[in-house]
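Q: My questions all concern the structure below.
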Amino acid sequence: MKQVCVLGNGQLGRMLRQAGEPLGISVWPVGLEADPEAVPFQQSVITAEIERWPETALTRELARHSAFVNRDVFPIIADRLTQKQLFDKLNLATAPWQLLADKSVWPAVFDKLGELAIVKRRTGGYDGRGQWRLRDGETDQLPDDCYGECIVEQGINFSGEVSLVGARAQDGSTVFYPLTHNLHQDGILRVSVAFPQANIQQQTQAESMLSAIMHELNYVGVMAMECFITPAGLLINELAPRVHNSGHWTQNGASISQFELHLRGVTGLPLPKPVVNSPSVMVNLIGTDLNYDWLKLPLVHLHWYDKEVRPGRKVGHLNLSDCDAGHLSATLEALIPLLPPEYASGIAWAQSKLGA
Ligand code: ATP
Ligand code: MG
C-alpha cells in the first residue's frame, strides 16, 4: 500500500484522494486543521496541490521533508519572478516582462511593453486575483505595496488560450495530453474543450517547451503550462507544478486522469501515454448551487467539491465526453436553461469549438 501526503486540502487534494482509491494509494490532503498524529507522513511520499500551503507545524515539516517530490522546484515556480527568469534562461517564448521595482520604471515599461500593462503579484495570486490591467495614466490605481512584489508584462492580444498538461517520470520519460482550449472570463477559467488530436504544430511546440522545463527542473509528476496563441506561435503565460483545472476533463475523457497520472508519477508507478478517443468539455461551476437536474442529461459527469457556495468561488465542475461532437453540443445546449445566464456565453464558445 502506497501513501501520499498532499500539502493543501482543496478540491485538487480531494480529487487526488479519489484517484488514489482504486489504485490502493491512500492520499492524505493536509490543510490547516490536519491532526499531525493522524497523518502518516514518515511512510509517505509528499506532494502539493497548491504553490503556497497554509503554514502549520505539520506543513512546515512536510515542506522540508526529503520525501517531498519536487521540493526545491516549488519556490521557483511559486514566484512569478523566478518562473519568468526560467523561461528566459531556457529561451522559451513568454509575454515580455520585467520586475516592477518602483514607480520610476513606468515610462520605460510603456515604452518597452506597449500600451497595456498587466501587473501580477509575484506570489499568491490565483483566478485573476492579484492582477491589474493598466494603461498609461492609470498607474496610480496600483497599491503601493506592489512595487518590488509584482512583475509587469505586456498585454497580449491573443486569439485563444491553450494549456498543456504533461507528466515526467523518475526515469526522465514524459507523456502529454492533447492541448486543452480554455476560455477565461475576468481571469477565471470558465470552460475547457479538448480533442483527441490537437493542432500538430501547437502540440509539438508546447511539448517541446514543457519538456525543456521539466527536464531543467528534474521535475517528477504532473505539470501544467498555460499558453497564449499568437500569430508567432505559442507564448507561455504561466506554469503550475501540479494538477490543473484545465486538466479536469481527463477524469472522464482519457484512459488515465491527470490525478492518477500525478500519483503514478510521484510514487514511481508506470506512466504510459494517456489515450484520448473523443472530444471533451469541462464547465467550471463558479458560485452556483448544486442542481441534480444536470444529471438528467446522460453525458454529464458531476464533480462537486462540497464547499460552501460563494460568488466567484469554484465549487465543482461538469465533464462531458462523447465521440459525436454534435451530441456533445446538443447536451451543452440542454444545459443552458439549467445554469445561471452567465454560463451561456462560455457554452456557446465551447459549441463553436466543437463545430470548428
Ligand atoms: P490561475 O488561476 O490560472 O493561476 P492567475 O490568476 O494566476 O490564474 P494568469 O493565468 O496569469 O493568473 O492570468 C489569468 C488570465 O488573465 C489568463 O488566463 C488570461 O486570460 C489573462 N491574462 C494574463 N496575463 C495576460 C497577458 N499578459 N495578456 C493578456 N491577458 C492576460
Ligand atoms: Mg492562469
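Residues are referred to by chain and number: the chain letter is A, B, ... according to the order shown in the C-alpha cells, the number counts from 1 in that chain, and ligands are numbered separately from 1 in the order shown.
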Enumerate, in order of chain and increasing residue number, the residues of chain A with an atom no farther than 9 Å from ligand 2, each with its shortest atom pair and distance in Å to one decimal, counting only C-alpha atoms and all ligand atoms, as JSON lines.

A:
```
{"residue": "A:Tyr126", "atom": "CA", "partner": "ligand 2", "partner_atom_place_in_ligand_line": "1 (Mg)", "distance": 7.0}
{"residue": "A:Asp127", "atom": "CA", "partner": "ligand 2", "partner_atom_place_in_ligand_line": "1 (Mg)", "distance": 6.8}
{"residue": "A:Gly128", "atom": "CA", "partner": "ligand 2", "partner_atom_place_in_ligand_line": "1 (Mg)", "distance": 7.4}
{"residue": "A:His184", "atom": "CA", "partner": "ligand 2", "partner_atom_place_in_ligand_line": "1 (Mg)", "distance": 8.9}
{"residue": "A:Gly187", "atom": "CA", "partner": "ligand 2", "partner_atom_place_in_ligand_line": "1 (Mg)", "distance": 7.6}
{"residue": "A:Ile188", "atom": "CA", "partner": "ligand 2", "partner_atom_place_in_ligand_line": "1 (Mg)", "distance": 7.8}
{"residue": "A:Leu189", "atom": "CA", "partner": "ligand 2", "partner_atom_place_in_ligand_line": "1 (Mg)", "distance": 8.0}
{"residue": "A:Met225", "atom": "CA", "partner": "ligand 2", "partner_atom_place_in_ligand_line": "1 (Mg)", "distance": 8.7}
{"residue": "A:Glu226", "atom": "CA", "partner": "ligand 2", "partner_atom_place_in_ligand_line": "1 (Mg)", "distance": 6.4}
{"residue": "A:Cys227", "atom": "CA", "partner": "ligand 2", "partner_atom_place_in_ligand_line": "1 (Mg)", "distance": 9.0}
{"residue": "A:Asn237", "atom": "CA", "partner": "ligand 2", "partner_atom_place_in_ligand_line": "1 (Mg)", "distance": 7.2}
{"residue": "A:Glu238", "atom": "CA", "partner": "ligand 2", "partner_atom_place_in_ligand_line": "1 (Mg)", "distance": 6.2}
{"residue": "A:Leu239", "atom": "CA", "partner": "ligand 2", "partner_atom_place_in_ligand_line": "1 (Mg)", "distance": 7.7}
{"residue": "A:Ala240", "atom": "CA", "partner": "ligand 2", "partner_atom_place_in_ligand_line": "1 (Mg)", "distance": 8.2}
```

Q: Could you save those same residues with all heavy atoms as a JSON list (two decimals), in the first residue's frame?

A:
```json
[["chain", "number", "residue", "atom", "x", "y", "z"],
["A", 126, "TYR", "N", -4.31, 34.08, -7.79],
["A", 126, "TYR", "CA", -4.96, 32.97, -8.48],
["A", 126, "TYR", "C", -6.31, 33.45, -8.99],
["A", 126, "TYR", "O", -6.85, 34.44, -8.47],
["A", 126, "TYR", "CB", -5.14, 31.75, -7.57],
["A", 126, "TYR", "CG", -6.11, 31.98, -6.44],
["A", 126, "TYR", "CD1", -7.44, 31.53, -6.53],
["A", 126, "TYR", "CD2", -5.75, 32.68, -5.31],
["A", 126, "TYR", "CE1", -8.35, 31.76, -5.51],
["A", 126, "TYR", "CE2", -6.65, 32.92, -4.29],
["A", 126, "TYR", "CZ", -7.95, 32.46, -4.39],
["A", 126, "TYR", "OH", -8.85, 32.71, -3.39],
["A", 127, "ASP", "N", -6.83, 32.74, -10.00],
["A", 127, "ASP", "CA", -8.14, 33.08, -10.58],
["A", 127, "ASP", "C", -8.25, 34.58, -10.88],
["A", 127, "ASP", "O", -9.30, 35.20, -10.68],
["A", 127, "ASP", "CB", -9.29, 32.67, -9.64],
["A", 127, "ASP", "CG", -9.41, 31.15, -9.53],
["A", 127, "ASP", "OD1", -8.78, 30.45, -10.36],
["A", 127, "ASP", "OD2", -10.13, 30.67, -8.64],
["A", 128, "GLY", "N", -7.16, 35.17, -11.35],
["A", 128, "GLY", "CA", -7.17, 36.58, -11.74],
["A", 128, "GLY", "C", -7.02, 37.54, -10.56],
["A", 128, "GLY", "O", -6.96, 38.75, -10.75],
["A", 184, "HIS", "N", -11.21, 31.92, -20.44],
["A", 184, "HIS", "CA", -11.20, 32.62, -19.15],
["A", 184, "HIS", "C", -12.10, 33.84, -19.27],
["A", 184, "HIS", "O", -12.10, 34.51, -20.30],
["A", 184, "HIS", "CB", -9.79, 33.10, -18.79],
["A", 184, "HIS", "CG", -8.83, 32.00, -18.50],
["A", 184, "HIS", "ND1", -8.10, 31.35, -19.49],
["A", 184, "HIS", "CD2", -8.45, 31.41, -17.34],
["A", 184, "HIS", "CE1", -7.33, 30.44, -18.94],
["A", 184, "HIS", "NE2", -7.52, 30.44, -17.63],
["A", 187, "GLY", "N", -10.37, 36.65, -15.67],
["A", 187, "GLY", "CA", -9.22, 35.98, -15.06],
["A", 187, "GLY", "C", -9.51, 34.60, -14.51],
["A", 187, "GLY", "O", -8.62, 33.96, -13.96],
["A", 188, "ILE", "N", -10.75, 34.11, -14.64],
["A", 188, "ILE", "CA", -11.07, 32.80, -14.06],
["A", 188, "ILE", "C", -11.49, 31.83, -15.17],
["A", 188, "ILE", "O", -12.22, 32.22, -16.09],
["A", 188, "ILE", "CB", -12.14, 32.94, -12.94],
["A", 188, "ILE", "CG1", -12.36, 31.63, -12.19],
["A", 188, "ILE", "CG2", -13.44, 33.46, -13.46],
["A", 188, "ILE", "CD1", -13.06, 31.81, -10.85],
["A", 189, "LEU", "N", -10.99, 30.60, -15.09],
["A", 189, "LEU", "CA", -11.32, 29.60, -16.12],
["A", 189, "LEU", "C", -12.80, 29.24, -16.04],
["A", 189, "LEU", "O", -13.30, 28.86, -14.98],
["A", 189, "LEU", "CB", -10.46, 28.34, -15.91],
["A", 189, "LEU", "CG", -10.72, 27.21, -16.91],
["A", 189, "LEU", "CD1", -10.33, 27.60, -18.32],
["A", 189, "LEU", "CD2", -9.96, 25.95, -16.49],
["A", 225, "MET", "N", 1.09, 23.85, -18.21],
["A", 225, "MET", "CA", 1.64, 25.07, -18.80],
["A", 225, "MET", "C", 0.53, 25.79, -19.56],
["A", 225, "MET", "O", -0.08, 25.21, -20.46],
["A", 225, "MET", "CB", 2.77, 24.68, -19.75],
["A", 225, "MET", "CG", 3.41, 25.84, -20.49],
["A", 225, "MET", "SD", 4.73, 25.26, -21.61],
["A", 225, "MET", "CE", 3.76, 24.58, -22.95],
["A", 226, "GLU", "N", 0.24, 27.02, -19.18],
["A", 226, "GLU", "CA", -0.79, 27.82, -19.87],
["A", 226, "GLU", "C", -0.12, 28.68, -20.93],
["A", 226, "GLU", "O", 0.92, 29.29, -20.65],
["A", 226, "GLU", "CB", -1.51, 28.74, -18.87],
["A", 226, "GLU", "CG", -2.23, 28.03, -17.76],
["A", 226, "GLU", "CD", -2.93, 29.01, -16.81],
["A", 226, "GLU", "OE1", -3.05, 30.21, -17.13],
["A", 226, "GLU", "OE2", -3.35, 28.56, -15.74],
["A", 227, "CYS", "N", -0.74, 28.74, -22.12],
["A", 227, "CYS", "CA", -0.15, 29.50, -23.23],
["A", 227, "CYS", "C", -1.18, 30.39, -23.90],
["A", 227, "CYS", "O", -2.38, 30.11, -23.90],
["A", 227, "CYS", "CB", 0.38, 28.55, -24.30],
["A", 227, "CYS", "SG", 1.69, 27.48, -23.76],
["A", 237, "ASN", "N", 2.19, 31.62, -20.77],
["A", 237, "ASN", "CA", 1.66, 32.54, -19.77],
["A", 237, "ASN", "C", 2.22, 32.17, -18.40],
["A", 237, "ASN", "O", 2.95, 32.93, -17.79],
["A", 237, "ASN", "CB", 0.13, 32.52, -19.78],
["A", 237, "ASN", "CG", -0.46, 33.29, -18.61],
["A", 237, "ASN", "OD1", 0.16, 34.21, -18.09],
["A", 237, "ASN", "ND2", -1.64, 32.89, -18.15],
["A", 238, "GLU", "N", 1.91, 30.96, -17.94],
["A", 238, "GLU", "CA", 2.42, 30.56, -16.62],
["A", 238, "GLU", "C", 2.42, 29.06, -16.47],
["A", 238, "GLU", "O", 1.82, 28.33, -17.26],
["A", 238, "GLU", "CB", 1.59, 31.21, -15.50],
["A", 238, "GLU", "CG", 0.13, 30.78, -15.51],
["A", 238, "GLU", "CD", -0.60, 31.14, -14.22],
["A", 238, "GLU", "OE1", 0.02, 31.61, -13.27],
["A", 238, "GLU", "OE2", -1.82, 30.89, -14.18],
["A", 239, "LEU", "N", 3.09, 28.61, -15.41],
["A", 239, "LEU", "CA", 3.21, 27.18, -15.09],
["A", 239, "LEU", "C", 2.49, 26.89, -13.79],
["A", 239, "LEU", "O", 2.39, 27.74, -12.91],
["A", 239, "LEU", "CB", 4.67, 26.80, -14.86],
["A", 239, "LEU", "CG", 5.66, 26.95, -15.99],
["A", 239, "LEU", "CD1", 7.06, 26.65, -15.47],
["A", 239, "LEU", "CD2", 5.29, 26.02, -17.14],
["A", 240, "ALA", "N", 2.04, 25.64, -13.66],
["A", 240, "ALA", "CA", 1.54, 25.16, -12.37],
["A", 240, "ALA", "C", 2.24, 23.82, -12.10],
["A", 240, "ALA", "O", 2.13, 22.89, -12.90],
["A", 240, "ALA", "CB", 0.03, 24.97, -12.41]]
```

Q: As JSON, numbers by chain, please: every protein or nucleic acid residue near ligand 1 (cut-off 9 Å, counting only C-alpha atoms and all ligand atoms).

A: {"A": [94, 95, 96, 97, 116, 117, 118, 119, 120, 121, 123, 124, 125, 126, 127, 128, 129, 130, 131, 133, 152, 153, 154, 155, 156, 157, 158, 160, 161, 182, 183, 184, 185, 186, 187, 188, 189, 226, 227, 228, 237, 238, 239, 240, 244, 245, 246]}

Q: Rounded to one decimal in Å, what is the spacing between atom CA of A:Asn291 and atom CA of A:His181?

A: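 Distance reported for this atom pair: 26.0 Å.
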
Q: Could you list, as an NGL selection string, every residue within 9 Å of A:Leu81, counting only C-alpha atoms and ignoring same-chain residues fewer than 6 positions away?

A: :A and (98-99 or 122-123 or 150-151)

Q: Could you tell me, as an mmCIF file with C-alpha atoms, in the first residue's frame, which residues of stretch 60-195 of chain A DSSP assigns to helix (DSSP H, G or I) when given the backbone?

A:
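Printed below is states_14.cif as written:
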```cif
data_model
loop_
_atom_site.group_PDB
_atom_site.id
_atom_site.type_symbol
_atom_site.label_atom_id
_atom_site.label_comp_id
_atom_site.auth_asym_id
_atom_site.auth_seq_id
_atom_site.Cartn_x
_atom_site.Cartn_y
_atom_site.Cartn_z
ATOM 1 C CA ARG A 60 6.434 23.091 7.691
ATOM 2 C CA GLU A 61 7.636 19.583 8.484
ATOM 3 C CA LEU A 62 6.212 18.183 5.232
ATOM 4 C CA ALA A 63 7.594 21.035 3.127
ATOM 5 C CA ARG A 64 11.184 20.395 4.215
ATOM 6 C CA PHE A 74 8.035 24.804 -5.791
ATOM 7 C CA PRO A 75 9.763 28.014 -4.658
ATOM 8 C CA ILE A 76 10.968 28.673 -8.229
ATOM 9 C CA ILE A 77 7.521 28.327 -9.788
ATOM 10 C CA ALA A 78 5.581 29.896 -6.922
ATOM 11 C CA ARG A 80 6.498 34.719 -10.921
ATOM 12 C CA LEU A 81 9.874 36.475 -10.974
ATOM 13 C CA THR A 82 11.925 33.275 -10.843
ATOM 14 C CA GLN A 83 9.381 31.495 -13.069
ATOM 15 C CA LYS A 84 9.813 34.155 -15.782
ATOM 16 C CA GLN A 85 13.605 34.037 -15.338
ATOM 17 C CA LEU A 86 13.410 30.302 -16.003
ATOM 18 C CA PHE A 87 11.624 30.882 -19.350
ATOM 19 C CA ASP A 88 14.251 33.442 -20.333
ATOM 20 C CA LYS A 89 17.101 31.132 -19.324
ATOM 21 C CA LYS A 103 7.308 53.845 -9.629
ATOM 22 C CA SER A 104 10.154 55.266 -11.697
ATOM 23 C CA VAL A 105 10.055 52.280 -14.096
ATOM 24 C CA TRP A 106 6.619 53.171 -15.547
ATOM 25 C CA PRO A 107 7.714 55.316 -18.529
ATOM 26 C CA ALA A 108 10.187 52.626 -19.575
ATOM 27 C CA VAL A 109 7.526 49.941 -19.085
ATOM 28 C CA PHE A 110 5.081 51.552 -21.517
ATOM 29 C CA ASP A 111 7.964 52.257 -23.924
ATOM 30 C CA LYS A 112 9.124 48.668 -23.864
ATOM 31 C CA LEU A 113 5.896 46.705 -23.392
ATOM 32 C CA THR A 139 -0.869 53.512 -12.696
ATOM 33 C CA ASP A 140 -1.955 55.418 -9.562
ATOM 34 C CA GLN A 141 -4.626 52.740 -9.094
ATOM 35 C CA ASP A 144 1.949 50.976 -3.076
ATOM 36 C CA ASP A 145 2.834 47.559 -1.705
ATOM 37 C CA CYS A 146 3.003 46.189 -5.260
#
```

Q: If we count only C-alpha atoms, what is near stretch 248-252 of chain A at a cut-off of 7 Å, once residues fewer than 6 positions away on the same chain are taken out, given as a PDB file with C-alpha atoms, in the first residue's frame?

A:
```pdb
ATOM      1  CA  GLN A 258      -4.331  13.816 -14.560  1.00  0.00           C
ATOM      2  CA  SER A 280     -14.382  16.546 -24.053  1.00  0.00           C
ATOM      3  CA  VAL A 281     -15.843  19.661 -22.483  1.00  0.00           C
ATOM      4  CA  MET A 282     -15.416  20.831 -18.882  1.00  0.00           C
ATOM      5  CA  ASN A 319     -17.387  16.921 -17.569  1.00  0.00           C
ATOM      6  CA  SER A 321     -17.235  13.478 -23.320  1.00  0.00           C
TER       7      SER A 321
END
```

Q: Given the choices A:Gly148, A:Pro178, A:Gly20, A:Gly233, which gets closest to A:Gln201 if the distance is worked out from only C-alpha atoms?

A: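 Of A:Gly148, A:Pro178, A:Gly20, A:Gly233, the one nearest A:Gln201 is A:Gly233, counting only C-alpha atoms.
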
Q: Fewer than 5 positions away in the same chain doesn't count, so skip those; otherwise give me all residues within 12 Å of A:Asp171, counting only C-alpha atoms, as a CSV table (one decimal) with N, CA and C atoms, in the first residue's frame.

A:
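This went into part-v3.csv:
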```csv
chain,number,residue,atom,x,y,z
A,215,HIS,N,12.6,18.9,-17.7
A,215,HIS,CA,14.0,18.3,-17.6
A,215,HIS,C,14.9,19.2,-16.8
A,218,ASN,N,14.3,18.8,-13.3
A,218,ASN,CA,14.3,17.4,-12.9
A,218,ASN,C,13.0,17.1,-12.1
A,219,TYR,N,11.9,17.6,-12.8
A,219,TYR,CA,10.6,17.5,-12.2
A,219,TYR,C,10.0,16.1,-12.3
A,220,VAL,N,9.2,15.7,-11.3
A,220,VAL,CA,8.5,14.4,-11.4
A,220,VAL,C,7.0,14.6,-11.1
A,221,GLY,N,6.2,14.0,-11.9
A,221,GLY,CA,4.7,14.2,-11.7
A,221,GLY,C,4.1,15.1,-12.8
A,265,GLY,N,3.2,9.1,-11.1
A,265,GLY,CA,4.5,9.8,-11.3
A,265,GLY,C,5.2,9.9,-10.0
A,266,VAL,N,4.6,10.4,-8.9
A,266,VAL,CA,5.3,10.6,-7.7
A,266,VAL,C,5.6,9.3,-6.9
A,268,GLY,N,6.3,6.4,-8.5
A,268,GLY,CA,7.1,5.6,-9.3
A,268,GLY,C,6.4,4.4,-10.0
A,269,LEU,N,5.1,4.6,-10.2
A,269,LEU,CA,4.3,3.5,-10.9
A,269,LEU,C,4.4,3.8,-12.4
A,270,PRO,N,4.1,2.8,-13.3
A,270,PRO,CA,4.2,3.1,-14.7
A,270,PRO,C,3.4,4.3,-15.2
A,271,LEU,N,4.0,5.0,-16.2
A,271,LEU,CA,3.4,6.2,-16.7
A,271,LEU,C,3.3,6.1,-18.3
```

Q: Can you list, as a ChimeraX atom specification, every protein, DNA or RNA residue that comes within 8 Å of A:Ala48 when you count only C-alpha atoms, leaving out same-chain residues fewer than 6 positions away?

A: /A:5-8,13,242

Q: For the residues in that selection, give me N, CA, C and O atoms as a short mmCIF file (atom, residue, chain, number, x, y, z; two decimals), in the first residue's frame.

A:
```cif
data_model
loop_
_atom_site.label_atom_id
_atom_site.label_comp_id
_atom_site.auth_asym_id
_atom_site.auth_seq_id
_atom_site.Cartn_x
_atom_site.Cartn_y
_atom_site.Cartn_z
N CYS A 5 1.02 12.10 1.03
CA CYS A 5 0.52 13.28 1.74
C CYS A 5 0.53 14.45 0.77
O CYS A 5 1.48 14.63 0.01
N VAL A 6 -0.55 15.22 0.80
CA VAL A 6 -0.67 16.36 -0.11
C VAL A 6 -0.69 17.64 0.71
O VAL A 6 -1.53 17.79 1.61
N LEU A 7 0.21 18.56 0.41
CA LEU A 7 0.15 19.88 1.04
C LEU A 7 -1.02 20.64 0.44
O LEU A 7 -1.05 20.87 -0.77
N GLY A 8 -1.98 21.00 1.29
CA GLY A 8 -3.20 21.66 0.82
C GLY A 8 -4.36 20.68 0.82
O GLY A 8 -4.16 19.49 0.58
N GLY A 13 -6.67 18.36 -3.94
CA GLY A 13 -6.29 17.31 -3.00
C GLY A 13 -7.38 16.25 -2.89
O GLY A 13 -7.11 15.05 -2.82
N ARG A 242 1.70 21.13 -10.66
CA ARG A 242 0.65 20.32 -10.01
C ARG A 242 -0.42 20.00 -11.04
O ARG A 242 -0.36 20.46 -12.17
#
```

Q: From the list A:Leu335, A:Leu234, A:Pro298, A:Leu320, which residue is nearest A:Ala254 when using only C-alpha atoms?

A: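 So, comparing all the options, the nearest one is A:Leu320.
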
Q: As a list of chain:residue names, please: the residues near A:Leu297 (cut-off 12 Å, only C-alpha atoms, same-chain neighbours under 4 positions excluded).

A: A:Tyr292, A:Asp293, A:His301, A:Leu302, A:Leu318, A:Asn319, A:Leu320, A:His327, A:Leu328, A:Ala330, A:Thr331, A:Leu332, A:Glu333, A:Ala334, A:Leu335, A:Ile336, A:Leu338

Q: Give the strand (DSSP E) residues of stretch 114-285 of chain A, as assigned by DSSP on the backbone, as a count of residues only.

A: 63

Q: Just how far from atom CA of A:Gly253 is atom CA of A:Cys323, in Å to one decimal?

A: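 Distance reported for this atom pair: 10.0 Å.
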